[in-house]
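Data first, discussion second: the structure below is written as structure tokens.
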Amino acid sequence: MAERRLGRGLDFFLSGSSKPDADPSAGEGVQLLEIESLVANPHQPRREFSAQELEELAASIRSAGILQPILVRRVGERNQIVAGERRWRAAKTAGLTQIPALVRDISDEQAAVYGLVENLHREDLNPIEKARAFKKIQGMVQGNQEEVAKQVGLDRSTVANFMRLLELPAEVQAYVSRGTLSMGQARALLSLPGEAERKAVAEKVIRERLSVRQVEALVQELKEATPRATEQKPGEVTVSKERPLWLREIEDNLCDALEAKVAVKYGRKRSKITIECEGREQFERVYEMLKAANAQLES
């Protein structure tokens, strides 16, 4: 099970374990801060806030008040919001002039991670926003995907799957942000070699409302196609004949087991299984999995 270190850390900062009567001069404890004196967190991964959701939260605040303080840190002469920007915006909508806030000494790196973790736990971010947030954290900690995964308490493969979405063309990323393309559909497009192919297939997926499995099958067929140079038009790809369903199922099972791209070519005399790894980290992980499986068979 993945270590959810910062998830617990954020709960601690926002929990009742803090002391309401802490000395404000020390910069710690729950305080009533002027709403207009607060500034948003530039590391906040969420860029869009639904007006309807804010109004609903504002109505709740008018009725019951703010049940959980926001988390802020001191930056120069201002108090910057680390977690709770949605509550802050809703409080302004509700007409409040002050808001309870827990003041903590937090670094830029921690501020970015806390903002991401809060939204991840509430599922407020779309896949592209999550991917960009992971990328930003990676740059701040100057580590690999494994380090990012430890910071946010997720599996490395989960972080890697999100970050790979940033390899898609900007137009396709926009489809994912709007929810026109699902993350599963978008991930399948990554197997195509170029931006033009990815954009063309994305538009076909949306137009024909293809399922994730149908997109994966289409992409596999396009990859295996062998176009004739004399008949091929620019940007056009010829689709090969239908592959057996059992062969696709073998590929799907291997992809799930190894968490890597797998292509199977079957012939009467000779067959081939190809495992495609993205970088040394994934290569070493797949190698260790295969070595462990071999050791188990020999025991």
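Chain labels A, B, ... are given in the sequence in which chains occur in the structure tokens; within each chain residues are numbered consecutively from 1, and ligands are likewise numbered from 1 in the order shown.
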
A:Gly194 environment, 12 Å, only C-alpha atoms, sequence neighbours closer than 3 positions dropped, as a ChimeraX atom specification: /A:167-169,189-191,197-201,223,235,237

Would you kindly return, as a compact mmCIF listing (two decimals) with C-alpha atoms, in the first residue's frame, each protein, DNA or RNA residue with an atom no farther than 12 Å from any atom of A:Val264, considering only C-alpha atoms and excluding same-chain residues fewer than 2 positions away?
```
# COMPACT_ATOMS: atom_id res chain seq x y z
CA GLN A 220 -2.90 -1.11 -32.27
CA GLU A 224 0.79 -2.43 -37.24
CA ARG A 243 -6.40 -9.35 -35.30
CA PRO A 244 -7.72 -12.33 -33.32
CA TRP A 246 -7.52 -13.92 -28.07
CA LEU A 247 -4.29 -12.23 -29.17
CA ARG A 248 -5.56 -8.85 -27.98
CA GLU A 249 -6.55 -10.37 -24.66
CA ILE A 250 -3.03 -11.73 -24.19
CA GLU A 251 -1.61 -8.26 -24.83
CA ASP A 252 -4.09 -6.64 -22.44
CA ASN A 253 -3.28 -9.13 -19.68
CA LEU A 254 0.47 -8.61 -20.10
CA CYS A 255 0.05 -4.81 -20.17
CA LYS A 261 3.23 -1.47 -23.36
CA VAL A 262 3.29 -4.99 -24.76
CA TYR A 266 2.04 -14.68 -33.33
CA GLY A 267 3.14 -16.94 -36.14
CA ARG A 270 7.85 -18.08 -34.76
CA SER A 271 6.20 -15.64 -32.35
CA LYS A 272 7.46 -12.53 -30.58
CA ILE A 273 6.49 -10.61 -27.43
CA THR A 274 7.81 -7.05 -27.30
CA ILE A 275 7.80 -5.03 -24.06
CA GLU A 276 8.25 -1.29 -24.53
```

Spatial neighbours of A:Ser157, max dist 10 Å, only C-alpha atoms, sep filter under 2 positions, as a VMD selection string: chain A and resid 145 to 146 149 154 to 155 159 to 163 259 to 260 282

Surrounding residues of stretch 171-186 of chain A excluding itself and chain neighbours under 3 positions, 6 Å, only C-alpha atoms, as a ChimeraX atom specification: /A:126,128,189,212

Save the residues we just selected, C-alpha atoms, as a PDB file, in the first residue's frame?
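Output file out_18.pdb is given in full below:
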```
ATOM      1  CA  ASN A 126      -9.125  17.110 -13.988  1.00  0.00           C
ATOM      2  CA  ILE A 128      -4.406  17.450 -17.027  1.00  0.00           C
ATOM      3  CA  LEU A 189      -3.403   7.680 -28.014  1.00  0.00           C
ATOM      4  CA  VAL A 212     -11.488   2.837 -24.360  1.00  0.00           C
TER       5      VAL A 212
END
```

Polymer residues at most 10 Å from A:Ala112, only C-alpha atoms, same-chain spacing of 3 or more positions, as number ranges by chain: A: 41-45, 82-83, 106-109, 115-117, 133-134, 136-137, 140

With C-alpha atoms retained, could you export that selection as a PDB file, in the first residue's frame?
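The resulting again01.pdb:
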```
ATOM      1  CA  ASN A  41      -1.546  30.354  -3.646  1.00  0.00           C
ATOM      2  CA  PRO A  42       0.341  30.619  -6.972  1.00  0.00           C
ATOM      3  CA  HIS A  43       1.061  26.876  -6.682  1.00  0.00           C
ATOM      4  CA  GLN A  44      -2.664  26.074  -6.554  1.00  0.00           C
ATOM      5  CA  PRO A  45      -3.178  23.401  -9.254  1.00  0.00           C
ATOM      6  CA  VAL A  82      -1.999  27.077   1.154  1.00  0.00           C
ATOM      7  CA  ALA A  83      -5.190  25.008   1.364  1.00  0.00           C
ATOM      8  CA  ILE A 106       5.457  26.260   5.241  1.00  0.00           C
ATOM      9  CA  SER A 107       7.997  26.172   2.393  1.00  0.00           C
ATOM     10  CA  ASP A 108       7.220  26.692  -1.302  1.00  0.00           C
ATOM     11  CA  GLU A 109       7.577  22.955  -1.912  1.00  0.00           C
ATOM     12  CA  GLY A 115      -2.528  22.349  -2.408  1.00  0.00           C
ATOM     13  CA  LEU A 116      -2.376  19.329  -4.679  1.00  0.00           C
ATOM     14  CA  VAL A 117      -3.157  16.794  -1.954  1.00  0.00           C
ATOM     15  CA  ALA A 133       0.766  19.625 -10.657  1.00  0.00           C
ATOM     16  CA  PHE A 134       2.820  16.417 -10.513  1.00  0.00           C
ATOM     17  CA  LYS A 136       5.575  21.060 -10.984  1.00  0.00           C
ATOM     18  CA  ILE A 137       6.272  19.104  -7.809  1.00  0.00           C
ATOM     19  CA  MET A 140      10.523  21.584  -7.097  1.00  0.00           C
TER      20      MET A 140
END
```

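Closest approach to A:Thr97 among A:Glu288, A:Glu34, A:Glu298, A:Glu216: A:Glu34, based on only C-alpha atoms.
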
Backbone-only DSSP, helix (DSSP H, G or I) members of stretch 68-169 of chain A, as a PyMOL selection string: chain A and resi 85-93+108-122+127-141+145-152+156-167

Shell of 10 Å around A:Ala90, only C-alpha atoms, local chain residues under 6 positions omitted, as a PyMOL selection string: chain A and resi 51+53-62+66+84+96

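Counting only C-alpha atoms, the residue from A:Ala91, A:Leu38, A:Ala131, A:Val219 that sits nearest to A:Leu166 is A:Ala131.
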
Members of stretch 18-239 of chain A assigned strand (DSSP E or B) by DSSP, as JSON, numbers by chain: {"A": [29, 30, 31, 32, 33, 34, 38, 39, 70, 71, 72, 73, 74, 75, 78, 79, 80, 81, 82, 83, 98, 99, 100, 101, 102, 103]}

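Between A:Arg104 and the residues A:Trp88, A:Gly153, A:Val30, A:Lys130, the shortest atom-to-atom distance, using only C-alpha atoms, involves A:Val30.
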
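Between atom CA of A:Cys277 and atom CA of A:Ile206 the separation is 28.4 Å.
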
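Here atom CA of A:Pro100 and atom CA of A:Leu32 stand 4.5 Å from one another.
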